[in-house]
>>> print(open('work_34.csv').read())   # CSV, C-alpha atoms
chain,number,residue,atom,x,y,z
A,85,MET,CA,0.0,0.0,0.0
A,86,ILE,CA,1.3,3.5,-0.6
A,87,ALA,CA,2.7,5.3,2.4
A,88,GLY,CA,0.8,8.6,1.9
A,89,LEU,CA,-1.1,10.7,-0.6
A,90,ASP,CA,2.1,12.3,-1.7
A,91,GLN,CA,3.7,9.0,-2.6
A,92,VAL,CA,2.0,9.3,-6.1
A,93,LEU,CA,3.9,12.6,-6.5
A,94,ARG,CA,7.2,11.1,-5.4
A,95,ASP,CA,6.7,8.2,-7.9
A,96,ALA,CA,5.9,10.5,-10.8
A,97,GLU,CA,8.8,12.8,-10.0
A,98,ARG,CA,11.1,10.0,-11.2
A,99,HIS,CA,9.6,10.0,-14.8
A,100,ARG,CA,12.1,11.7,-17.0
A,101,ARG,CA,10.4,13.7,-19.8
A,102,THR,CA,11.3,16.4,-22.3
A,103,MET,CA,9.0,19.0,-23.5
A,104,GLU,CA,10.2,20.6,-26.7
A,105,VAL,CA,8.3,23.8,-27.2
A,106,CYS,CA,8.2,25.0,-30.9
A,107,ALA,CA,7.1,28.6,-31.5
A,108,ALA,CA,8.1,31.8,-33.2
A,109,SER,CA,8.8,33.5,-29.9
A,110,HIS,CA,9.8,32.6,-26.4
A,111,GLY,CA,6.6,33.4,-24.5
A,112,PHE,CA,4.9,30.1,-24.8
A,113,ALA,CA,8.1,28.2,-23.8
A,114,ALA,CA,8.5,30.4,-20.7
A,115,THR,CA,4.9,29.5,-19.7
A,116,VAL,CA,5.4,25.8,-20.1
A,117,ALA,CA,8.7,25.9,-18.3
A,118,ASP,CA,7.1,27.8,-15.5
A,119,GLN,CA,4.4,25.1,-15.1
A,120,PHE,CA,6.2,21.9,-15.8
A,121,GLU,CA,9.9,22.1,-15.5
A,122,THR,CA,11.3,20.0,-12.6
A,123,LYS,CA,14.6,18.2,-12.1
A,124,ASN,CA,13.3,15.4,-14.3
A,125,VAL,CA,11.3,17.3,-16.8
A,126,THR,CA,13.4,19.5,-19.2
A,127,VAL,CA,11.7,22.1,-21.3
A,128,THR,CA,13.6,23.1,-24.5
A,129,TYR,CA,12.8,25.8,-27.1
A,130,THR,CA,12.9,25.3,-30.9
A,131,PRO,CA,12.3,28.5,-32.8
A,132,LEU,CA,9.9,28.4,-35.7
A,133,PRO,CA,10.0,30.9,-38.7
A,134,PRO,CA,8.5,34.3,-37.7
A,135,ALA,CA,6.0,34.0,-40.5
A,136,SER,CA,4.5,30.8,-39.1
A,137,ASP,CA,2.4,32.2,-36.3
A,138,THR,CA,1.9,28.8,-34.6
A,139,ALA,CA,3.1,27.1,-31.4
A,140,PHE,CA,3.1,23.6,-30.2
A,141,LEU,CA,4.7,21.2,-27.7
A,142,ILE,CA,6.3,17.8,-28.3
A,143,LEU,CA,6.5,15.4,-25.4
A,144,ARG,CA,9.2,12.7,-25.3
A,145,ASP,CA,10.0,10.0,-22.8
A,146,ALA,CA,13.4,9.3,-21.2
A,147,GLU,CA,14.6,7.5,-24.3
A,148,GLY,CA,13.6,10.4,-26.5
A,149,GLU,CA,10.6,8.5,-27.9
A,150,PHE,CA,7.7,10.6,-29.2
A,151,LEU,CA,4.8,10.4,-26.7
A,152,GLY,CA,2.6,13.1,-28.3
A,153,SER,CA,2.3,16.7,-29.4
A,154,ILE,CA,-0.3,19.4,-28.7
A,155,GLY,CA,-0.9,22.9,-29.9
A,156,GLN,CA,-0.8,26.0,-27.7
A,157,HIS,CA,-4.6,26.6,-28.0
A,158,ALA,CA,-5.5,23.1,-27.0
A,159,LEU,CA,-3.1,23.3,-24.0
A,160,ASP,CA,-4.7,26.5,-23.0
A,161,ALA,CA,-7.7,24.4,-21.9
A,162,ILE,CA,-5.5,23.5,-19.0
A,163,LEU,CA,-3.3,26.5,-18.6
A,164,SER,CA,-6.1,29.1,-19.0
A,165,PRO,CA,-9.3,27.3,-18.2
A,166,GLU,CA,-12.9,28.3,-18.0
A,167,ILE,CA,-14.7,26.9,-15.0
A,168,HIS,CA,-18.1,25.2,-15.4
A,169,PRO,CA,-20.0,22.9,-13.1
A,170,PRO,CA,-19.7,19.2,-14.0
A,171,TRP,CA,-23.2,19.0,-15.4
A,172,VAL,CA,-22.5,21.8,-17.9
A,173,LEU,CA,-19.3,20.1,-18.9
A,174,ALA,CA,-21.2,16.8,-19.4
A,175,GLU,CA,-23.6,18.6,-21.8
A,176,THR,CA,-21.0,20.3,-24.0
A,177,GLU,CA,-19.5,18.6,-27.0
A,178,THR,CA,-15.9,19.8,-26.3
A,179,SER,CA,-14.0,17.0,-24.6
A,180,TYR,CA,-10.8,17.9,-22.9
A,181,ASP,CA,-10.1,14.2,-22.0
A,182,ASP,CA,-7.6,14.0,-24.8
A,183,VAL,CA,-5.7,17.1,-23.5
A,184,PHE,CA,-5.7,15.9,-20.0
A,185,ALA,CA,-4.5,12.4,-21.1
A,186,PHE,CA,-1.6,14.1,-22.9
A,187,LEU,CA,-0.1,15.3,-19.6
A,188,ASP,CA,-1.3,12.3,-17.5
A,189,ASP,CA,1.1,11.5,-14.7
A,190,THR,CA,3.1,14.7,-15.4
A,191,ILE,CA,4.0,16.9,-12.4
A,192,PHE,CA,2.8,20.5,-12.7
A,193,THR,CA,4.8,22.8,-10.5
A,194,SER,CA,2.8,26.0,-10.0
A,195,PHE,CA,-0.8,25.7,-10.9
A,196,GLU,CA,-3.1,28.5,-9.7
A,197,ARG,CA,-6.4,27.9,-7.9
A,198,SER,CA,-8.3,28.4,-11.2
A,199,GLN,CA,-6.3,25.6,-12.9
A,200,MET,CA,-6.8,23.3,-9.9
A,201,LEU,CA,-10.6,24.0,-10.1
A,202,ALA,CA,-10.7,23.2,-13.8
A,203,THR,CA,-8.9,19.9,-13.3
A,204,THR,CA,-11.1,19.1,-10.3
A,205,ARG,CA,-14.1,19.8,-12.5
A,206,GLU,CA,-12.9,17.3,-15.1
A,207,ILE,CA,-12.9,14.5,-12.5
A,208,GLU,CA,-16.2,15.6,-11.0
A,209,GLU,CA,-17.7,15.6,-14.5
A,210,ARG,CA,-16.6,12.0,-15.0
A,211,ALA,CA,-18.2,11.0,-11.7
A,212,TRP,CA,-21.4,12.9,-12.6
A,213,ARG,CA,-21.6,11.1,-16.0
A,214,ALA,CA,-20.9,7.7,-14.5
A,215,ALA,CA,-23.5,8.3,-11.8
A,216,ASP,CA,-22.1,5.5,-9.7
A,217,GLY,CA,-18.8,4.5,-7.9
A,218,ASN,CA,-17.0,6.5,-5.3
A,219,LEU,CA,-15.7,10.1,-5.3
A,220,TYR,CA,-13.3,11.1,-2.6
A,221,ALA,CA,-12.4,14.8,-2.2
A,222,GLY,CA,-10.3,16.8,0.3
A,223,PHE,CA,-9.9,20.6,-0.2
A,224,GLN,CA,-7.5,21.6,2.5
A,225,ARG,CA,-9.2,24.7,3.7
A,226,ALA,CA,-12.4,26.6,4.4
A,227,GLN,CA,-12.5,28.8,1.4
A,228,ALA,CA,-12.4,25.9,-1.0
A,229,LEU,CA,-14.9,23.9,1.0
A,230,ARG,CA,-17.4,26.7,1.2
A,231,SER,CA,-17.3,27.3,-2.5
A,232,GLN,CA,-17.6,23.6,-3.3
A,233,GLY,CA,-20.3,22.8,-0.7
A,234,GLU,CA,-23.4,23.2,-2.9
A,235,LEU,CA,-21.8,21.3,-5.7
A,236,TYR,CA,-20.9,18.3,-3.5
A,237,GLU,CA,-24.4,18.2,-2.1
A,238,GLN,CA,-25.7,17.9,-5.7
A,239,LEU,CA,-23.1,15.2,-6.5
A,240,ALA,CA,-24.0,13.3,-3.3
A,241,VAL,CA,-27.6,12.7,-4.6
A,242,ARG,CA,-26.5,11.8,-8.1
A,243,GLU,CA,-28.1,8.3,-8.6
A,244,ASP,CA,-25.6,5.7,-7.3
A,245,LEU,CA,-22.6,7.9,-6.9
A,246,ALA,CA,-21.2,7.9,-3.3
A,247,VAL,CA,-19.3,11.0,-2.2
A,248,HIS,CA,-16.8,11.1,0.6
A,249,VAL,CA,-15.4,14.5,1.7
A,250,PHE,CA,-12.3,14.8,3.9
A,251,VAL,CA,-11.7,17.9,6.0
A,252,ALA,CA,-9.1,19.0,8.6
A,253,GLU,CA,-10.5,19.6,12.1
A,254,GLU,CA,-10.2,23.3,12.0
A,255,TRP,CA,-12.5,23.5,9.0
A,256,ALA,CA,-15.1,21.0,10.1
A,257,ASP,CA,-17.8,23.7,10.6
A,258,ASP,CA,-17.6,24.5,6.9
A,259,ALA,CA,-18.1,21.0,5.6
A,260,PRO,CA,-21.0,20.5,3.2
A,261,ALA,CA,-24.0,18.3,4.2
A,262,VAL,CA,-22.5,15.2,2.7
A,263,PRO,CA,-20.6,12.2,4.3
A,264,THR,CA,-17.6,13.9,5.8
A,265,THR,CA,-14.5,12.5,7.5
A,266,VAL,CA,-12.8,14.9,9.9
A,267,SER,CA,-9.1,14.2,10.5
A,268,ALA,CA,-6.2,15.8,12.3
A,269,ALA,CA,-3.8,14.1,9.9
A,270,ALA,CA,-1.3,16.6,8.5
A,271,GLU,CA,-1.8,15.4,4.9
A,272,ILE,CA,-5.5,16.2,5.0
A,273,GLY,CA,-4.8,19.8,5.9
A,274,ARG,CA,-2.1,20.0,3.3
A,275,THR,CA,-3.3,18.2,0.2
A,276,TRP,CA,-5.9,19.0,-2.4
A,277,PHE,CA,-7.1,15.7,-3.7
A,278,VAL,CA,-10.0,14.4,-5.8
A,279,VAL,CA,-10.2,10.7,-6.6
A,280,PHE,CA,-12.9,8.9,-8.7
A,281,ASP,CA,-12.8,5.1,-8.8
A,282,GLY,CA,-14.6,4.9,-12.1
A,283,GLY,CA,-17.6,3.0,-10.8
A,284,ASP,CA,-18.2,0.0,-13.0
A,285,THR,CA,-15.6,1.1,-15.5
A,286,GLU,CA,-12.0,1.1,-14.3
A,287,LEU,CA,-10.9,3.1,-17.3
A,288,ASP,CA,-13.0,6.0,-16.1
A,289,SER,CA,-11.0,6.3,-12.9
A,290,CYS,CA,-9.0,9.4,-12.4
A,291,ALA,CA,-7.4,11.4,-9.7
A,292,LEU,CA,-5.8,14.8,-8.8
A,293,VAL,CA,-3.3,15.1,-6.0
A,294,ALA,CA,-1.6,18.4,-5.2
A,295,GLU,CA,0.2,20.3,-2.4
A,296,GLU,CA,0.0,24.1,-2.0
A,297,ARG,CA,3.7,24.9,-1.8
A,298,GLN,CA,3.4,28.7,-2.0
A,299,PRO,CA,0.2,30.8,-1.5
A,300,ASP,CA,-2.1,29.9,-4.4
A,301,SER,CA,0.6,27.9,-6.1
A,302,PHE,CA,0.1,24.1,-6.3
A,303,TYR,CA,2.5,21.3,-7.0
A,304,GLY,CA,0.9,18.0,-8.1
A,305,LEU,CA,-0.4,15.8,-10.9
A,306,TRP,CA,-3.5,14.2,-12.3
A,307,THR,CA,-3.6,10.6,-13.4
A,308,TYR,CA,-5.8,8.4,-15.5
A,309,ASN,CA,-3.8,5.3,-14.6
A,310,PRO,CA,-6.3,2.8,-13.0
A,311,ALA,CA,-3.5,1.2,-10.8
A,312,THR,CA,-2.5,4.6,-9.4
A,313,VAL,CA,-6.1,5.6,-8.7
A,314,GLN,CA,-6.8,2.2,-7.1
A,315,SER,CA,-3.7,2.7,-4.8
A,316,LEU,CA,-5.2,6.0,-3.6
A,317,VAL,CA,-8.6,4.5,-3.0
A,318,GLU,CA,-7.2,1.6,-1.0
A,319,TYR,CA,-5.1,4.0,1.0
A,320,LEU,CA,-8.0,6.4,1.8
A,321,GLU,CA,-10.3,3.5,2.7
A,322,ALA,CA,-7.7,1.7,4.9
A,323,VAL,CA,-6.3,4.7,6.7
A,324,TYR,CA,-9.4,6.9,7.2
A,325,ASP,CA,-12.3,4.5,6.9
A,326,PRO,CA,-14.4,7.3,5.4
A,327,GLU,CA,-18.1,8.0,6.0
B,24,MET,CA,-5.2,37.3,-47.2
B,25,GLU,CA,-1.6,38.3,-48.2
B,26,ASP,CA,-1.0,39.1,-51.9
B,27,PRO,CA,1.1,36.5,-53.7
B,28,PRO,CA,4.8,37.5,-54.1
B,29,ASP,CA,5.9,39.5,-57.1
B,30,LEU,CA,7.0,36.7,-59.4
B,31,SER,CA,7.5,38.9,-62.4
B,32,GLY,CA,11.2,38.9,-62.0
B,33,LEU,CA,11.4,35.2,-61.7
B,34,SER,CA,11.7,33.0,-64.8
B,35,VAL,CA,11.0,29.4,-65.2
B,36,ALA,CA,14.5,28.0,-65.5
B,37,GLU,CA,15.7,24.5,-65.7
B,38,ASP,CA,17.4,24.7,-62.4
B,39,PHE,CA,14.4,26.6,-60.8
B,40,PRO,CA,11.1,25.0,-62.0
B,41,LEU,CA,8.9,27.8,-60.6
B,42,ASP,CA,5.6,26.1,-61.4
B,43,ARG,CA,6.6,22.8,-59.7
B,44,ILE,CA,8.0,24.6,-56.7
B,45,LEU,CA,4.8,26.7,-56.3
B,46,ALA,CA,2.8,23.5,-56.6
B,47,VAL,CA,4.7,21.6,-53.9
B,48,LEU,CA,4.7,24.6,-51.5
B,49,SER,CA,0.9,24.9,-51.9
B,50,ASP,CA,0.8,21.9,-49.6
B,51,PRO,CA,1.1,22.9,-45.9
B,52,LEU,CA,2.8,19.6,-45.0
B,53,ALA,CA,5.6,20.4,-47.6
B,54,VAL,CA,5.9,23.9,-46.2
B,55,TYR,CA,6.3,22.5,-42.6
B,56,THR,CA,8.9,20.0,-43.8
B,57,VAL,CA,11.0,22.6,-45.5
B,58,SER,CA,10.6,25.0,-42.6
B,59,ALA,CA,11.7,22.4,-40.1
B,60,LEU,CA,15.0,21.7,-41.9
B,61,SER,CA,18.2,23.7,-42.1
B,62,VAL,CA,21.3,23.6,-44.3
B,63,ASP,CA,23.6,23.3,-41.3
B,64,GLU,CA,22.2,20.0,-40.0
B,65,ARG,CA,21.4,16.6,-41.4
B,66,VAL,CA,18.6,15.2,-39.3
B,67,PRO,CA,17.0,11.7,-38.8
B,68,LEU,CA,13.7,11.2,-40.5
B,69,THR,CA,12.1,10.4,-37.0
B,70,ASP,CA,13.1,13.8,-35.6
B,71,LEU,CA,11.7,15.6,-38.7
B,72,ALA,CA,8.5,13.5,-38.4
B,73,ASP,CA,8.1,14.6,-34.8
B,74,LEU,CA,8.3,18.3,-35.7
B,75,VAL,CA,6.1,18.1,-38.7
B,76,THR,CA,3.5,16.1,-36.7
B,77,GLY,CA,3.5,18.9,-34.0
B,78,TRP,CA,3.0,21.4,-36.8
B,79,VAL,CA,0.2,19.6,-38.6
B,80,TYR,CA,-1.8,19.2,-35.4
B,81,ALA,CA,-0.9,22.6,-33.9
B,82,ASP,CA,-4.4,24.0,-34.5
B,83,ALA,CA,-6.3,20.8,-33.6
B,84,SER,CA,-8.4,20.7,-30.4
B,85,GLN,CA,-6.8,17.4,-29.5
B,86,ALA,CA,-3.3,16.0,-29.0
B,87,ALA,CA,-1.5,13.9,-31.6
B,88,GLY,CA,-0.2,10.5,-30.6
B,89,PRO,CA,2.5,8.1,-31.8
B,90,ALA,CA,0.2,6.6,-34.4
B,91,ASP,CA,-0.3,10.1,-36.0
B,92,ARG,CA,3.4,10.6,-36.0
B,93,ASP,CA,4.0,7.2,-37.6
B,94,ARG,CA,1.5,8.0,-40.4
B,95,ILE,CA,3.3,11.3,-41.1
B,96,ARG,CA,6.7,9.6,-41.1
B,97,LEU,CA,5.4,7.3,-43.8
B,98,LEU,CA,4.1,10.2,-45.9
B,99,LEU,CA,7.4,12.0,-45.6
B,100,TYR,CA,9.3,8.9,-46.6
B,101,HIS,CA,7.2,7.8,-49.5
B,102,VAL,CA,5.8,11.1,-50.9
B,103,TYR,CA,7.2,14.4,-49.6
B,104,LEU,CA,10.9,13.8,-49.3
B,105,PRO,CA,11.3,12.1,-52.6
B,106,LYS,CA,9.3,15.0,-54.3
B,107,LEU,CA,11.4,17.7,-52.5
B,108,ASP,CA,14.6,15.8,-53.3
B,109,ALA,CA,13.7,15.7,-57.0
B,110,LEU,CA,13.3,19.5,-57.0
B,111,ASP,CA,16.7,19.8,-55.3
B,112,ILE,CA,15.1,21.5,-52.3
B,113,VAL,CA,16.4,18.8,-49.9
B,114,GLU,CA,18.9,16.0,-50.0
B,115,PHE,CA,17.2,12.8,-48.8
B,116,ASP,CA,19.2,9.7,-48.0
B,117,ALA,CA,16.4,7.0,-48.0
B,118,GLU,CA,18.7,4.3,-46.9
B,119,ALA,CA,20.1,6.1,-43.9
B,120,GLN,CA,16.7,7.8,-43.4
B,121,THR,CA,18.3,11.3,-43.0
B,122,VAL,CA,17.6,14.6,-44.7
B,123,VAL,CA,19.2,18.0,-45.0
B,124,LEU,CA,18.0,21.2,-46.7
B,125,ARG,CA,20.0,22.3,-49.7
B,126,GLU,CA,21.2,25.9,-50.1
B,127,GLN,CA,18.4,27.9,-51.8
B,128,SER,CA,18.2,31.1,-53.8
B,129,ALA,CA,16.6,34.3,-52.6
B,130,ASP,CA,13.8,33.7,-55.0
B,131,PHE,CA,13.0,30.4,-53.3
B,132,GLU,CA,13.2,32.1,-49.8
B,133,THR,CA,10.6,34.6,-51.0
B,134,ILE,CA,8.2,31.9,-52.1
B,135,LEU,CA,8.8,30.0,-48.9
B,136,GLU,CA,8.1,33.0,-46.7
B,137,TRP,CA,4.9,33.7,-48.6
B,138,ALA,CA,3.8,30.1,-48.2
B,139,GLN,CA,4.5,30.1,-44.5
B,140,GLY,CA,2.5,33.3,-44.1
B,141,LEU,CA,-0.4,31.7,-46.1
B,142,ASP,CA,-0.7,28.9,-43.6
B,143,ALA,CA,-0.8,31.5,-40.7
B,144,THR,CA,-3.9,33.3,-42.2
>>> encode(input="work_34.csv", output="structure tokens")
Amino acid sequence: MIAGLDQVLRDAERHRRTMEVCAASHGFAATVADQFETKNVTVTYTPLPPASDTAFLILRDAEGEFLGSIGQHALDAILSPEIHPPWVLAETETSYDDVFAFLDDTIFTSFERSQMLATTREIEERAWRAADGNLYAGFQRAQALRSQGELYEQLAVREDLAVHVFVAEEWADDAPAVPTTVSAAAEIGRTWFVVFDGGDTELDSCALVAEERQPDSFYGLWTYNPATVQSLVEYLEAVYDPE
Amino acid sequence: MEDPPDLSGLSVAEDFPLDRILAVLSDPLAVYTVSALSVDERVPLTDLADLVTGWVYADASQAAGPADRDRIRLLLYHVYLPKLDALDIVEFDAEAQTVVLREQSADFETILEWAQGLDAT
């Protein structure tokens, strides 16, 4: 069993990746480096002809093998997101699944709250669509809990979906009217996590785990890997025995 | 939309088949291929395919994957690089699977810049 929620971050930190940013000017490369450069992820810049007016990113693994590429506008879905409730996302035709899958298991180093919320919504939208299974969520602090409360009360009555919220003792009064586990554990106060077990469909499972390392600056990852998600579910169930 | 370049000074010469060059550079994939290469560096086909794939999918709402890149690599190998080699725009070593840009005239650069700008509009 994993030793803590942050173990998924420690494991992902060992993935060596390169991101080759191709653009006519440096701006996009600087943004990507800001968000994703770590000691194991190198961001490089390849200049394109000035007349080309395009920008994209090539992702390669430790052996230099092509993993994928994505254009700047598509990546903006993550870097500059619009926030909608999960039932609105479920109704729209645009699917960002592909974009999130592109950076699956890749550490982000300085997401803002708006980016965290957009990623959280992606997971909640999957849970909403599945309408069964288990959704586990911990939001660290009062402000996030208060703004999410009504949403989670809606999710908690969504057909066969079971919702489990985790909150540190000092924020217990702000918890929504859904099954809530109050804990003094340091990681509950420190970690923003949202985990969906996929219900009947393992491949629908997904998770977000992040730590606020500076004020409004989050370090973490999202994953679509069923084994990683399962390890988080098993850990939460075993250690916290949630409501 | 940008006006086409002033071609009145260019002539159709044996060593500069203007009509065929214009025809090949009307294809964005050919423009990306030429734009991704330089005269200073011979590159492996796989590296070129990575870059051209990124360019082809740059405006898509979704990411491109290894299967998309493999398809473009085949197109480069079978169609685009032989065509560009026949026009003396690149030198393509099919056996070693490497390619390098040949030195080009100012006239060619003019047409290439115009073609790059077309794609941007």
>>> residues_around(input="work_34.csv", residues="range 86-103 of chain B", least_positions_apart="2", cutoff="7 Å", atoms="all atoms listed in the file", output="VMD selection string")
(chain A and resid 150 to 154 182 to 183 186) or (chain B and resid 53 69 72 to 73 76 80 105 to 107)
>>> interface_residues(input="work_34.csv", of="chain A", to="chain B", cutoff="12 Å", atoms="only C-alpha atoms", output="PyMOL selection string")
chain A and resi 103-108+130-145+148-161+177-187
>>> residues_around(input="work_34.csv", residues="Asn309 in chain A", least_positions_apart="6", cutoff="10 Å", atoms="only C-alpha atoms", output="PDB file with C-alpha atoms, in the coordinates of the input")
ATOM      1  CA  ALA A 185      -4.500  12.400 -21.100  1.00  0.00           C
ATOM      2  CA  ASP A 188      -1.300  12.300 -17.500  1.00  0.00           C
ATOM      3  CA  ASP A 189       1.100  11.500 -14.700  1.00  0.00           C
ATOM      4  CA  GLU A 286     -12.000   1.100 -14.300  1.00  0.00           C
ATOM      5  CA  LEU A 287     -10.900   3.100 -17.300  1.00  0.00           C
ATOM      6  CA  ASP A 288     -13.000   6.000 -16.100  1.00  0.00           C
ATOM      7  CA  SER A 289     -11.000   6.300 -12.900  1.00  0.00           C
ATOM      8  CA  CYS A 290      -9.000   9.400 -12.400  1.00  0.00           C
ATOM      9  CA  ALA A 291      -7.400  11.400  -9.700  1.00  0.00           C
TER      10      ALA A 291
END
>>> closest_residue(input="work_34.csv", among="B:Val123, B:Val75, B:Val62, B:Leu110", to="Phe39 in chain B", atoms="only C-alpha atoms")
B:Leu110
>>> atom_distance(input="work_34.csv", atom1="CA of Pro67 in chain B", atom2="CA of Asp116 in chain B")
9.7 Å
>>> atom_distance(input="work_34.csv", atom1="CA of Arg242 in chain A", atom2="CA of Leu316 in chain A")
22.5 Å
>>> closest_residue(input="work_34.csv", among="A:Ala211, A:Glu196, A:Leu239, A:Met85", to="Glu318 in chain A", atoms="all atoms listed in the file")
A:Met85
>>> atom_distance(input="work_34.csv", atom1="CA of Ala259 in chain A", atom2="CA of Val92 in chain A")
26.0 Å
>>> closest_residue(input="work_34.csv", among="A:Ala252, A:Val323, A:Ile207, A:Val313", to="Arg274 in chain A", atoms="only C-alpha atoms")
A:Ala252
>>> decode(input="work_34.csv", residues="range 277-319 of chain A", atoms="C-alpha atoms", output="PDB file, in the first residue's frame")
ATOM      1  CA  PHE A 277      -7.112  15.680  -3.729  1.00  0.00           C
ATOM      2  CA  VAL A 278     -10.020  14.437  -5.826  1.00  0.00           C
ATOM      3  CA  VAL A 279     -10.226  10.729  -6.622  1.00  0.00           C
ATOM      4  CA  PHE A 280     -12.898   8.926  -8.658  1.00  0.00           C
ATOM      5  CA  ASP A 281     -12.777   5.123  -8.779  1.00  0.00           C
ATOM      6  CA  GLY A 282     -14.596   4.883 -12.123  1.00  0.00           C
ATOM      7  CA  GLY A 283     -17.632   3.007 -10.810  1.00  0.00           C
ATOM      8  CA  ASP A 284     -18.201  -0.029 -13.012  1.00  0.00           C
ATOM      9  CA  THR A 285     -15.587   1.129 -15.522  1.00  0.00           C
ATOM     10  CA  GLU A 286     -12.002   1.057 -14.278  1.00  0.00           C
ATOM     11  CA  LEU A 287     -10.871   3.055 -17.290  1.00  0.00           C
ATOM     12  CA  ASP A 288     -13.043   5.972 -16.122  1.00  0.00           C
ATOM     13  CA  SER A 289     -11.033   6.260 -12.922  1.00  0.00           C
ATOM     14  CA  CYS A 290      -8.990   9.423 -12.434  1.00  0.00           C
ATOM     15  CA  ALA A 291      -7.401  11.434  -9.664  1.00  0.00           C
ATOM     16  CA  LEU A 292      -5.821  14.785  -8.828  1.00  0.00           C
ATOM     17  CA  VAL A 293      -3.338  15.148  -5.962  1.00  0.00           C
ATOM     18  CA  ALA A 294      -1.581  18.439  -5.175  1.00  0.00           C
ATOM     19  CA  GLU A 295       0.157  20.335  -2.392  1.00  0.00           C
ATOM     20  CA  GLU A 296      -0.011  24.095  -1.954  1.00  0.00           C
ATOM     21  CA  ARG A 297       3.686  24.889  -1.803  1.00  0.00           C
ATOM     22  CA  GLN A 298       3.371  28.658  -1.989  1.00  0.00           C
ATOM     23  CA  PRO A 299       0.232  30.750  -1.488  1.00  0.00           C
ATOM     24  CA  ASP A 300      -2.095  29.917  -4.389  1.00  0.00           C
ATOM     25  CA  SER A 301       0.605  27.877  -6.125  1.00  0.00           C
ATOM     26  CA  PHE A 302       0.083  24.127  -6.338  1.00  0.00           C
ATOM     27  CA  TYR A 303       2.499  21.287  -7.032  1.00  0.00           C
ATOM     28  CA  GLY A 304       0.924  17.996  -8.083  1.00  0.00           C
ATOM     29  CA  LEU A 305      -0.414  15.818 -10.851  1.00  0.00           C
ATOM     30  CA  TRP A 306      -3.507  14.219 -12.282  1.00  0.00           C
ATOM     31  CA  THR A 307      -3.631  10.610 -13.373  1.00  0.00           C
ATOM     32  CA  TYR A 308      -5.819   8.366 -15.488  1.00  0.00           C
ATOM     33  CA  ASN A 309      -3.795   5.295 -14.555  1.00  0.00           C
ATOM     34  CA  PRO A 310      -6.253   2.804 -12.964  1.00  0.00           C
ATOM     35  CA  ALA A 311      -3.529   1.218 -10.814  1.00  0.00           C
ATOM     36  CA  THR A 312      -2.483   4.581  -9.370  1.00  0.00           C
ATOM     37  CA  VAL A 313      -6.087   5.570  -8.703  1.00  0.00           C
ATOM     38  CA  GLN A 314      -6.757   2.205  -7.069  1.00  0.00           C
ATOM     39  CA  SER A 315      -3.741   2.658  -4.785  1.00  0.00           C
ATOM     40  CA  LEU A 316      -5.175   6.020  -3.644  1.00  0.00           C
ATOM     41  CA  VAL A 317      -8.635   4.522  -3.025  1.00  0.00           C
ATOM     42  CA  GLU A 318      -7.200   1.623  -1.031  1.00  0.00           C
ATOM     43  CA  TYR A 319      -5.074   4.006   1.032  1.00  0.00           C
TER      44      TYR A 319
END
